[in-house]
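Data file: structure_20.txt. Format and content: compact mmCIF, C-alpha atoms.
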```
# COMPACT_ATOMS: atom_id res chain seq x y z
CA MET A 1 0.00 0.00 0.00
CA ALA A 2 2.80 2.38 0.90
CA ALA A 3 4.60 1.49 -2.32
CA THR A 4 1.55 2.19 -4.47
CA LEU A 5 0.98 5.46 -2.59
CA CYS A 6 4.67 6.36 -3.06
CA GLY A 7 4.50 5.38 -6.72
CA LYS A 8 1.57 7.75 -7.27
CA LEU A 9 3.40 10.55 -5.45
CA LEU A 10 6.79 10.05 -7.11
CA SER A 11 5.91 9.12 -10.68
CA PRO A 12 4.93 12.58 -12.03
CA LYS A 13 8.26 14.16 -10.81
CA GLY A 14 11.01 11.70 -11.75
CA TRP A 15 11.70 8.26 -12.87
CA LEU A 16 14.04 5.52 -11.93
CA PRO A 17 15.77 3.48 -14.66
CA ARG A 18 14.48 0.03 -15.23
CA THR A 19 17.89 -1.66 -15.08
CA GLN A 20 20.82 -0.63 -12.94
CA SER A 21 24.18 -2.03 -13.97
CA ILE A 22 26.83 -2.44 -11.33
CA ARG A 23 30.45 -2.35 -12.57
CA HIS A 24 32.14 -5.50 -11.54
CA GLY A 25 35.00 -5.80 -14.04
CA SER A 26 37.92 -3.38 -13.60
CA LYS A 27 38.76 -1.76 -10.32
CA ALA A 28 40.80 1.35 -9.70
CA VAL A 29 42.79 0.01 -6.75
CA THR A 30 44.40 -3.31 -7.50
CA ARG A 31 46.98 -5.44 -5.77
CA HIS A 32 49.12 -5.70 -8.92
CA ARG A 33 50.49 -2.79 -10.96
CA LYS A 34 47.62 -1.86 -13.23
CA PRO A 35 48.70 -1.27 -16.85
CA MET A 36 48.53 2.45 -17.55
CA HIS A 37 47.18 3.89 -20.80
CA PHE A 38 50.10 4.72 -23.08
CA LEU A 39 49.15 8.36 -23.41
CA LYS A 40 49.01 8.74 -19.67
CA GLN A 41 52.42 7.02 -19.43
CA LYS A 42 53.91 9.47 -21.93
CA LEU A 43 52.41 12.47 -20.14
CA LEU A 44 53.81 11.39 -16.79
CA ALA A 45 57.23 10.71 -18.31
CA VAL A 46 57.35 14.15 -19.91
CA THR A 47 56.14 16.01 -16.84
CA GLN A 48 58.35 14.18 -14.38
CA TYR A 49 59.96 16.38 -11.77
CA ILE A 50 63.71 16.72 -12.23
CA PRO A 51 65.27 18.23 -9.11
CA PRO A 52 68.07 20.76 -9.71
CA LYS A 53 71.57 19.36 -9.28
CA PRO A 54 73.50 21.04 -6.48
CA ALA A 55 76.28 23.14 -8.00
CA ALA A 56 79.84 22.00 -7.43
CA PRO A 57 81.82 24.14 -4.96
CA PRO A 58 83.86 26.88 -6.71
CA GLY A 59 87.31 25.28 -6.54
CA ALA A 60 86.22 21.71 -7.24
CA TYR A 61 87.01 21.40 -10.96
CA PRO A 62 89.91 23.06 -12.82
CA ARG A 63 88.92 25.59 -15.49
CA GLU A 64 88.93 24.38 -19.06
CA THR A 65 91.61 26.26 -20.98
CA PRO A 66 90.21 27.56 -24.32
CA VAL A 67 91.70 25.34 -26.98
CA GLU A 68 92.82 27.25 -30.04
CA SER A 69 91.79 25.41 -33.17
CA PRO A 70 94.38 24.90 -35.92
CA LEU A 71 92.33 27.08 -38.27
CA MET A 72 92.52 29.95 -35.79
CA ARG A 73 96.28 29.48 -35.51
CA LEU A 74 96.61 29.52 -39.29
CA LEU A 75 94.51 32.65 -39.59
CA THR A 76 96.49 34.37 -36.81
CA ARG A 77 99.74 33.59 -38.63
CA ASP A 78 98.23 34.94 -41.82
CA LEU A 79 97.22 38.12 -40.01
CA GLU A 80 100.72 38.55 -38.58
CA GLY A 81 102.09 38.30 -42.09
CA VAL A 82 99.59 40.86 -43.35
CA PHE A 83 100.49 43.38 -40.67
CA ARG A 84 104.20 42.76 -41.16
CA ASP A 85 104.27 43.12 -44.94
CA CYS A 86 101.60 45.70 -45.65
CA LYS A 87 102.12 49.35 -44.90
CA MET A 88 98.44 50.15 -45.30
CA VAL A 89 95.69 48.18 -43.54
CA ALA A 90 92.27 49.83 -43.90
CA VAL A 91 89.09 48.64 -42.18
CA ALA A 92 85.67 49.11 -43.73
CA GLN A 93 82.18 48.01 -42.74
CA ASN A 94 80.35 46.10 -45.41
CA SER A 95 76.63 46.77 -44.94
CA GLY A 96 75.06 44.67 -47.66
CA SER A 97 77.11 44.34 -50.80
CA THR A 98 76.23 41.62 -53.22
CA SER A 99 78.77 39.18 -54.60
CA HIS A 100 78.73 41.14 -57.86
CA ASP A 101 79.65 44.34 -56.00
CA MET A 102 82.50 42.52 -54.25
CA ILE A 103 83.85 41.16 -57.53
CA MET A 104 83.80 44.63 -59.09
CA LEU A 105 85.47 46.13 -56.03
CA LYS A 106 88.20 43.48 -56.00
CA ASN A 107 88.78 44.03 -59.70
CA ARG A 108 89.15 47.78 -59.26
CA PHE A 109 91.47 47.33 -56.31
CA HIS A 110 93.58 44.77 -58.13
CA LYS A 111 94.61 47.43 -60.65
CA HIS A 112 96.22 49.39 -57.80
CA ASP A 113 97.68 46.32 -56.09
CA ILE A 114 95.30 46.55 -53.11
CA HIS A 115 93.99 43.25 -51.74
CA VAL A 116 90.67 42.63 -50.03
CA ARG A 117 91.00 40.32 -47.00
CA LEU A 118 88.35 38.87 -44.70
CA PHE A 119 89.14 37.57 -41.23
CA PRO A 120 86.79 36.42 -38.48
CA ASN A 121 86.33 39.08 -35.81
CA GLN A 122 87.30 36.67 -33.03
CA VAL A 123 90.68 35.90 -34.58
CA MET A 124 91.18 39.59 -35.29
CA ARG A 125 90.46 40.68 -31.73
CA SER A 126 92.63 37.97 -30.18
CA PHE A 127 95.52 38.95 -32.43
CA LEU A 128 95.10 42.69 -31.86
CA SER A 129 94.94 42.34 -28.08
CA LYS A 130 98.40 40.73 -28.09
CA SER A 131 99.98 43.10 -30.60
CA ILE A 132 100.76 46.81 -30.64
CA TYR A 133 97.64 47.53 -32.71
CA SER A 134 95.25 47.03 -29.80
CA ASN A 135 93.55 50.40 -30.38
CA MET A 136 92.10 49.08 -33.61
CA ALA A 137 90.08 46.45 -31.75
CA PRO A 138 86.83 48.49 -31.36
CA LEU A 139 86.58 48.83 -35.14
CA PHE A 140 85.94 45.12 -35.63
CA ILE A 141 82.23 44.75 -34.94
CA GLY A 142 79.88 43.17 -37.44
CA PRO A 143 80.78 42.47 -41.05
CA THR A 144 84.16 44.09 -41.62
CA VAL A 145 86.56 43.89 -44.51
CA LEU A 146 90.28 44.65 -44.64
CA PHE A 147 91.91 46.46 -47.54
CA VAL A 148 95.64 45.83 -47.46
CA SER A 149 98.44 46.96 -49.69
CA LYS A 150 102.20 47.02 -49.50
CA GLU A 151 102.38 50.69 -50.45
CA PRO A 152 99.97 53.22 -48.95
CA LYS A 153 97.71 53.95 -51.93
CA VAL A 154 95.12 56.02 -50.18
CA LYS A 155 93.90 58.23 -53.03
CA GLU A 156 93.14 55.26 -55.26
CA MET A 157 91.43 53.44 -52.42
CA LEU A 158 89.20 56.43 -51.60
CA SER A 159 88.26 57.00 -55.23
CA THR A 160 87.31 53.33 -55.59
CA LEU A 161 85.32 53.32 -52.36
CA ARG A 162 83.31 56.30 -53.57
CA LEU A 163 81.92 54.03 -56.28
CA SER A 164 80.62 51.47 -53.79
CA PRO A 165 78.35 53.22 -51.26
CA GLN A 166 77.79 50.13 -49.09
CA MET A 167 81.38 50.17 -47.87
CA SER A 168 81.96 52.67 -45.06
CA LEU A 169 85.61 53.29 -44.27
CA LEU A 170 86.10 53.14 -40.49
CA GLY A 171 89.82 53.68 -40.11
CA ALA A 172 93.24 52.64 -41.32
CA CYS A 173 96.67 51.76 -39.98
CA ILE A 174 99.23 53.38 -42.30
CA ASP A 175 102.91 53.01 -41.46
CA ASN A 176 102.03 51.78 -37.95
CA THR A 177 99.94 54.91 -37.36
CA LEU A 178 96.24 54.54 -36.62
CA LEU A 179 94.11 57.01 -38.56
CA SER A 180 90.40 57.71 -38.50
CA ALA A 181 88.32 58.15 -41.64
CA GLN A 182 88.94 61.91 -41.67
CA GLY A 183 92.64 61.28 -41.05
CA VAL A 184 92.75 59.02 -44.08
CA ALA A 185 91.08 61.70 -46.20
CA SER A 186 93.59 64.34 -45.10
CA TYR A 187 96.44 61.85 -45.65
CA ALA A 188 95.21 61.45 -49.22
CA LYS A 189 95.40 65.21 -49.75
CA LEU A 190 99.07 65.29 -48.68
CA SER A 191 101.61 65.55 -51.48
CA SER A 192 104.34 62.95 -51.86
CA VAL A 193 107.44 62.82 -49.62
CA ALA A 194 109.79 64.11 -52.35
CA VAL A 195 107.62 67.14 -53.00
CA VAL A 196 107.36 67.96 -49.30
CA GLN A 197 111.11 67.57 -48.83
CA GLY A 198 111.73 69.86 -51.78
CA GLU A 199 109.35 72.45 -50.35
CA LEU A 200 111.08 72.31 -46.96
CA VAL A 201 114.55 72.66 -48.46
CA SER A 202 113.45 75.56 -50.65
CA GLY A 203 111.84 77.31 -47.66
CA LEU A 204 114.97 76.96 -45.55
CA SER A 205 117.30 78.02 -48.30
CA ALA A 206 115.12 80.99 -49.27
CA LEU A 207 116.55 83.11 -46.47
CA ALA A 208 120.12 82.25 -47.30
CA SER A 209 119.57 82.89 -51.01
CA GLN A 210 117.97 86.25 -50.18
CA THR A 211 121.05 87.25 -48.19
CA GLY A 212 123.29 86.07 -51.04
CA THR A 213 121.49 88.13 -53.69
CA LEU A 214 121.52 91.17 -51.41
CA LEU A 215 125.27 90.95 -50.88
CA GLN A 216 125.85 90.62 -54.61
CA ARG A 217 124.30 94.06 -55.19
CA HIS A 218 126.48 97.19 -55.69
CA PRO A 219 128.20 98.34 -52.43
CA THR A 220 126.83 101.94 -52.74
CA HIS A 221 123.29 100.50 -52.84
CA LEU A 222 124.10 98.49 -49.75
CA THR A 223 125.54 101.47 -47.85
CA ALA A 224 122.49 103.59 -48.77
CA LEU A 225 120.23 100.84 -47.42
CA LEU A 226 122.32 100.60 -44.23
CA GLN A 227 122.18 104.37 -43.67
CA GLN A 228 118.40 104.37 -44.16
CA TYR A 229 118.06 101.50 -41.67
CA ALA A 230 120.23 103.33 -39.10
CA ALA A 231 118.12 106.48 -39.52
CA GLN A 232 114.92 104.46 -39.02
CA GLN A 233 116.34 102.88 -35.85
CA ALA A 234 117.30 106.31 -34.46
CA GLN A 235 113.80 107.65 -35.21
CA ALA A 236 112.23 104.68 -33.45
CA GLU A 237 114.44 105.24 -30.38
CA LYS A 238 113.54 108.95 -30.35
CA ALA A 239 109.85 108.10 -30.54
CA THR A 240 110.16 105.67 -27.53
CA MET B 1 53.18 27.40 -30.98
CA ALA B 2 54.50 28.36 -34.42
CA ALA B 3 57.76 30.36 -34.39
CA PRO B 4 57.34 33.95 -35.69
CA GLY B 5 58.70 34.48 -39.21
CA LYS B 6 61.70 36.75 -39.92
CA ALA B 7 60.30 40.24 -40.27
CA SER B 8 61.80 41.78 -43.40
CA VAL B 9 62.65 45.44 -43.51
CA VAL B 10 60.39 47.31 -45.92
CA LEU B 11 61.57 50.77 -46.89
CA LYS B 12 58.63 51.74 -49.09
CA ALA B 13 57.67 54.81 -47.08
CA VAL B 14 61.25 55.93 -46.41
CA LYS B 15 63.06 58.62 -48.35
CA LYS B 16 66.45 58.66 -46.64
CA ILE B 17 68.25 56.97 -43.78
CA ALA B 18 71.39 58.65 -42.43
CA VAL B 19 73.44 56.80 -39.83
CA HIS B 20 76.09 58.81 -37.96
CA PHE B 21 78.52 57.02 -35.67
CA CYS B 22 82.04 57.16 -34.36
CA PRO B 23 83.62 53.68 -34.70
CA PHE B 24 86.16 54.13 -31.93
CA GLU B 25 83.46 54.57 -29.28
CA ALA B 26 82.14 51.63 -27.29
CA ASN B 27 78.40 52.33 -27.70
CA VAL B 28 78.07 51.92 -31.47
CA ARG B 29 77.39 48.18 -31.73
CA SER B 30 73.60 48.49 -31.99
CA THR B 31 73.82 51.34 -34.51
CA ARG B 32 76.20 49.39 -36.71
CA GLU B 33 73.97 46.32 -36.55
CA PHE B 34 70.97 48.48 -37.48
CA LEU B 35 72.93 49.84 -40.45
CA VAL B 36 73.72 46.31 -41.61
CA MET B 37 70.05 45.28 -41.37
CA VAL B 38 68.76 48.36 -43.15
CA GLY B 39 71.51 48.47 -45.76
CA SER B 40 71.14 44.82 -46.75
CA GLU B 41 70.38 44.04 -50.36
CA ARG B 42 66.93 42.67 -49.53
CA ALA B 43 65.91 45.81 -47.65
CA ARG B 44 67.26 48.13 -50.32
CA SER B 45 65.48 46.23 -53.07
CA THR B 46 62.08 47.12 -51.52
CA ASN B 47 62.66 50.75 -52.45
CA LEU B 48 65.44 51.66 -54.87
CA ASN B 49 64.89 55.38 -54.38
CA CYS B 50 65.66 55.22 -50.68
CA GLU B 51 69.17 56.41 -49.81
CA VAL B 52 71.04 54.70 -47.00
CA ILE B 53 73.99 56.89 -46.04
CA SER B 54 76.54 56.19 -43.32
CA MET B 55 78.65 59.02 -41.90
CA VAL B 56 81.74 57.90 -40.04
CA LYS B 57 82.99 60.57 -37.64
CA HIS B 58 85.72 60.81 -35.02
CA ASP B 59 84.45 63.40 -32.55
CA LYS B 60 83.20 61.24 -29.64
CA SER B 61 79.65 62.09 -30.64
CA GLU B 62 76.75 59.76 -29.90
CA PRO B 63 75.56 57.41 -32.61
CA VAL B 64 72.40 58.73 -34.29
CA VAL B 65 70.04 57.30 -36.90
CA ASP B 66 68.10 59.93 -38.82
CA VAL B 67 65.19 58.60 -40.90
CA THR B 68 63.29 60.88 -43.28
CA TYR B 69 59.99 59.53 -44.53
CA VAL B 70 58.33 60.29 -47.84
CA ASP B 71 55.66 62.44 -46.18
CA GLY B 72 58.31 64.61 -44.51
CA GLU B 73 58.22 63.08 -41.02
CA ARG B 74 61.56 62.53 -39.36
CA LEU B 75 62.52 59.82 -36.88
CA LEU B 76 65.64 60.42 -34.83
CA MET B 77 67.01 57.46 -32.86
CA LYS B 78 69.94 57.86 -30.50
CA GLY B 79 71.54 54.45 -30.50
CA ALA B 80 73.84 54.85 -27.50
CA ASN B 81 71.48 53.10 -25.06
CA LEU B 82 69.25 51.18 -27.46
CA THR B 83 69.58 47.67 -28.81
CA SER B 84 69.37 47.04 -32.52
CA LYS B 85 66.14 45.08 -32.05
CA GLU B 86 64.44 47.99 -30.29
CA MET B 87 65.54 50.40 -33.00
CA LEU B 88 64.37 48.06 -35.72
CA SER B 89 60.97 47.45 -34.09
CA ALA B 90 60.37 51.19 -33.62
CA PHE B 91 61.41 51.87 -37.20
CA GLN B 92 59.26 49.05 -38.62
CA ALA B 93 56.23 50.05 -36.56
CA ARG B 94 56.29 53.51 -38.11
CA CYS B 95 56.96 52.14 -41.59
CA THR B 96 54.00 49.77 -41.44
CA ALA B 97 51.81 52.56 -40.06
CA LYS B 98 52.63 54.68 -43.09
CA ASP B 99 52.70 51.94 -45.68
CA PRO B 100 49.03 50.73 -45.51
CA GLN B 101 47.99 54.39 -45.80
CA ALA B 102 49.88 54.68 -49.04
CA LYS B 103 48.39 51.42 -50.29
CA ALA B 104 44.88 52.47 -49.37
CA ALA B 105 45.41 55.87 -51.02
CA ALA B 106 46.70 54.16 -54.17
CA LYS B 107 43.56 51.94 -54.22
```
Step by step, read the file and then write its structure as structure tokens.
Amino acid sequence: MAATLCGKLLSPKGWLPRTQSIRHGSKAVTRHRKPMHFLKQKLLAVTQYIPPKPAAPPGAYPRETPVESPLMRLLTRDLEGVFRDCKMVAVAQNSGSTSHDMIMLKNRFHKHDIHVRLFPNQVMRSFLSKSIYSNMAPLFIGPTVLFVSKEPKVKEMLSTLRLSPQMSLLGACIDNTLLSAQGVASYAKLSSVAVVQGELVSGLSALASQTGTLLQRHPTHLTALLQQYAAQQAQAEKAT
Amino acid sequence: MAAPGKASVVLKAVKKIAVHFCPFEANVRSTREFLVMVGSERARSTNLNCEVISMVKHDKSEPVVDVTYVDGERLLMKGANLTSKEMLSAFQARCTAKDPQAKAAAK
């Protein structure tokens, strides 16, 4: 009676399923190691906690000395030869020249016996730090190119560089003297050594030659000049 | 997550880029790197009328990048305390802001 009453009360609101299945096959907690789904295995393997290794105390291991590769040694020797033989070593930054531009530049330089050399910046800096040219080290950042020649041919180099706008001249080492870009330009404007020597000699000998020509004049002319000079001196003394 | 592609430098809206630096100073690395990126063949091919000029000085002055756009606007970047990436991103942001305007005006 109670069930029928309950049935009448409950039936309009909800319903109970006819069959209720009870899982009896696989259990979550087993006595043996339950095989894990492969995806779950992979996930756990990937997200496993790896504790940080404690760092070794500071003096525990000796420091690894940087091993110089044979290529670096070869390039350093090459560089030493370049600096020893060439009087002019110019540094330029190469901001985007194509291979065609480089070929044309090398061709133009070849006519004036100027060579284009490329060295890795690391080799360059290590060499410069040990040599007397250490002040050139800050120039070697980014893509740099060396223009070397046995004789300092600055005018030709500047005229050729004007034709390739991607090359910016940074500095040069001419006759073991470090020059900036403006220094190189003013060096190019200098006349040759012979001409400068001639000018110096002519300037120094000008005075002596003047005295010589004066003494070769007629003695009366000379005495007149001397008397006029003496009179001028006396006037100046009177005025003071 | 897909890696972002290499952003190429587009100089369509740029009239002139002048880079002034003193190579013997210690703070010119970023400016020189910026010059390399902007003066590369790929960047210059986007606009053949754009001039990229580098002025090498020796007066301990600060490195400066002076960009003149086609519409007359000027961007002055003092590279002493900036990285090349920051300079490039600022430059590209302004270029892209101007470029779609030109495209839309052309359409």
For this session: Skip Leu146 in chain A itself and residues of its chain fewer than 4 positions away, then list as an MDAnalysis selection string all residues within 6 Å of it, counting all atoms listed in the file.
Result: chainID A and resid 90:91 116:117
For this session: Could you list, as JSON, numbers by chain, the residues of chain B having an atom within 7 Å of chain A when counting only C-alpha atoms?
Result: {"B": [23, 24, 26, 29, 33, 35, 36, 39, 40, 41, 54, 56, 58]}
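Straight-line separation from CA of Ser149 in chain A to CA of Phe119 in chain A: 15.7 Å.
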Exercise. How far is it from CA of Val52 in chain B to CA of Asp71 in chain B, in Å with one decimal?
Worked result: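 So the answer is 17.2 Å.
Minimum distance to Leu88 in chain B across B:Val65, B:Cys22, B:Cys50, B:Met55 (counting all atoms listed in the file) occurs at B:Val65.
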Exercise. When you draw a straight line from CA of Glu25 in chain B to CA of Lys87 in chain A, how long is it in Å?
Worked result: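 It comes out at 24.9 Å.
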Exercise. Closest to Val154 in chain A among A:Phe127, A:Thr213, A:Thr223, A:Met88, using all atoms listed in the file?
Worked result: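 Checking each candidate against Val154 in chain A, we get A:Met88 as the closest.
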Problem set entry | Leu163 in chain A environment, 12 Å, all atoms listed in the file, sequence neighbours closer than 2 positions dropped, as JSON, numbers by chain | {"A": [101, 102, 104, 105, 108, 109, 156, 157, 158, 159, 160, 161, 165, 166, 167, 168]}
Problem set entry | Residues near range 70-80 of chain A, cut-off 10 Å, only C-alpha atoms, skip fewer than 5 positions along chain, as a VMD selection string | chain A and resid 85 117 119 to 120 122 to 124 126 to 128 131
Expected file contents, prior selection, C-alpha atoms, as a compact mmCIF listing (two decimals), keeping the file's coordinate frame:
```
# COMPACT_ATOMS: atom_id res chain seq x y z
CA ASP A 85 104.27 43.12 -44.94
CA ARG A 117 91.00 40.32 -47.00
CA PHE A 119 89.14 37.57 -41.23
CA PRO A 120 86.79 36.42 -38.48
CA GLN A 122 87.30 36.67 -33.03
CA VAL A 123 90.68 35.90 -34.58
CA MET A 124 91.18 39.59 -35.29
CA SER A 126 92.63 37.97 -30.18
CA PHE A 127 95.52 38.95 -32.43
CA LEU A 128 95.10 42.69 -31.86
CA SER A 131 99.98 43.10 -30.60
```
Exercise. Mind listing as JSON, numbers by chain all residues within 9 Å of (58.9, 44.7, -52.9), counting all atoms listed in the file?
Worked result: {"B": [10, 11, 12, 42, 43, 45, 46, 47]}
Kindly complete range 21-31 of chain B to all heavy atoms; the output should be written as an mmCIF file, in the frame of the given file.
```
data_model
loop_
_atom_site.group_PDB
_atom_site.id
_atom_site.type_symbol
_atom_site.label_atom_id
_atom_site.label_comp_id
_atom_site.auth_asym_id
_atom_site.auth_seq_id
_atom_site.Cartn_x
_atom_site.Cartn_y
_atom_site.Cartn_z
ATOM 1 N N PHE B 21 77.915 57.664 -36.834
ATOM 2 C CA PHE B 21 78.520 57.020 -35.670
ATOM 3 C C PHE B 21 80.024 57.224 -35.678
ATOM 4 O O PHE B 21 80.622 57.563 -36.695
ATOM 5 C CB PHE B 21 78.183 55.522 -35.624
ATOM 6 C CG PHE B 21 78.703 54.722 -36.786
ATOM 7 C CD1 PHE B 21 79.914 54.052 -36.701
ATOM 8 C CD2 PHE B 21 77.979 54.616 -37.958
ATOM 9 C CE1 PHE B 21 80.387 53.304 -37.761
ATOM 10 C CE2 PHE B 21 78.455 53.875 -39.027
ATOM 11 C CZ PHE B 21 79.655 53.222 -38.932
ATOM 12 N N CYS B 22 80.598 57.015 -34.523
ATOM 13 C CA CYS B 22 82.040 57.160 -34.360
ATOM 14 C C CYS B 22 82.574 55.776 -34.008
ATOM 15 O O CYS B 22 82.303 55.276 -32.924
ATOM 16 C CB CYS B 22 82.318 58.146 -33.236
ATOM 17 S SG CYS B 22 84.030 58.270 -32.796
ATOM 18 N N PRO B 23 83.313 55.106 -34.913
ATOM 19 C CA PRO B 23 83.620 53.680 -34.700
ATOM 20 C C PRO B 23 84.533 53.391 -33.538
ATOM 21 O O PRO B 23 84.589 52.262 -33.073
ATOM 22 C CB PRO B 23 84.276 53.263 -36.025
ATOM 23 C CG PRO B 23 84.775 54.510 -36.621
ATOM 24 C CD PRO B 23 83.867 55.596 -36.188
ATOM 25 N N PHE B 24 85.248 54.390 -33.031
ATOM 26 C CA PHE B 24 86.160 54.130 -31.930
ATOM 27 C C PHE B 24 85.475 54.183 -30.569
ATOM 28 O O PHE B 24 86.087 53.914 -29.559
ATOM 29 C CB PHE B 24 87.327 55.116 -31.955
ATOM 30 C CG PHE B 24 88.261 54.891 -33.105
ATOM 31 C CD1 PHE B 24 88.121 55.607 -34.276
ATOM 32 C CD2 PHE B 24 89.258 53.936 -33.037
ATOM 33 C CE1 PHE B 24 88.966 55.381 -35.349
ATOM 34 C CE2 PHE B 24 90.113 53.708 -34.102
ATOM 35 C CZ PHE B 24 89.963 54.436 -35.266
ATOM 36 N N GLU B 25 84.199 54.560 -30.546
ATOM 37 C CA GLU B 25 83.460 54.570 -29.280
ATOM 38 C C GLU B 25 82.952 53.172 -28.976
ATOM 39 O O GLU B 25 82.860 52.317 -29.857
ATOM 40 C CB GLU B 25 82.275 55.537 -29.376
ATOM 41 C CG GLU B 25 82.675 56.980 -29.515
ATOM 42 C CD GLU B 25 83.397 57.499 -28.291
ATOM 43 O OE1 GLU B 25 82.855 57.361 -27.185
ATOM 44 O OE2 GLU B 25 84.502 58.011 -28.458
ATOM 45 N N ALA B 26 82.563 52.962 -27.713
ATOM 46 C CA ALA B 26 82.140 51.630 -27.290
ATOM 47 C C ALA B 26 80.643 51.403 -27.444
ATOM 48 O O ALA B 26 80.173 50.295 -27.300
ATOM 49 C CB ALA B 26 82.529 51.416 -25.830
ATOM 50 N N ASN B 27 79.856 52.462 -27.729
ATOM 51 C CA ASN B 27 78.400 52.330 -27.700
ATOM 52 C C ASN B 27 77.784 52.285 -29.100
ATOM 53 O O ASN B 27 76.628 52.642 -29.285
ATOM 54 C CB ASN B 27 77.798 53.495 -26.908
ATOM 55 C CG ASN B 27 78.285 54.842 -27.427
ATOM 56 O OD1 ASN B 27 79.017 54.902 -28.411
ATOM 57 N ND2 ASN B 27 77.884 55.918 -26.777
ATOM 58 N N VAL B 28 78.571 51.850 -30.093
ATOM 59 C CA VAL B 28 78.070 51.920 -31.470
ATOM 60 C C VAL B 28 77.613 50.570 -32.009
ATOM 61 O O VAL B 28 77.204 50.485 -33.164
ATOM 62 C CB VAL B 28 79.138 52.474 -32.434
ATOM 63 C CG1 VAL B 28 79.448 53.891 -32.110
ATOM 64 C CG2 VAL B 28 80.377 51.624 -32.376
ATOM 65 N N ARG B 29 77.679 49.520 -31.209
ATOM 66 C CA ARG B 29 77.390 48.180 -31.730
ATOM 67 C C ARG B 29 75.976 48.109 -32.312
ATOM 68 O O ARG B 29 75.761 47.628 -33.423
ATOM 69 C CB ARG B 29 77.539 47.140 -30.627
ATOM 70 C CG ARG B 29 77.272 45.733 -31.058
ATOM 71 C CD ARG B 29 77.468 44.775 -29.895
ATOM 72 N NE ARG B 29 78.852 44.398 -29.753
ATOM 73 C CZ ARG B 29 79.409 43.350 -30.360
ATOM 74 N NH1 ARG B 29 78.700 42.591 -31.128
ATOM 75 N NH2 ARG B 29 80.665 43.071 -30.182
ATOM 76 N N SER B 30 74.988 48.605 -31.543
ATOM 77 C CA SER B 30 73.600 48.490 -31.990
ATOM 78 C C SER B 30 73.365 49.313 -33.262
ATOM 79 O O SER B 30 72.648 48.881 -34.173
ATOM 80 C CB SER B 30 72.658 48.969 -30.889
ATOM 81 O OG SER B 30 72.990 50.278 -30.514
ATOM 82 N N THR B 31 73.993 50.494 -33.332
ATOM 83 C CA THR B 31 73.820 51.340 -34.510
ATOM 84 C C THR B 31 74.417 50.676 -35.739
ATOM 85 O O THR B 31 73.825 50.690 -36.829
ATOM 86 C CB THR B 31 74.488 52.710 -34.281
ATOM 87 O OG1 THR B 31 74.114 53.179 -32.997
ATOM 88 C CG2 THR B 31 74.086 53.712 -35.316
#
```
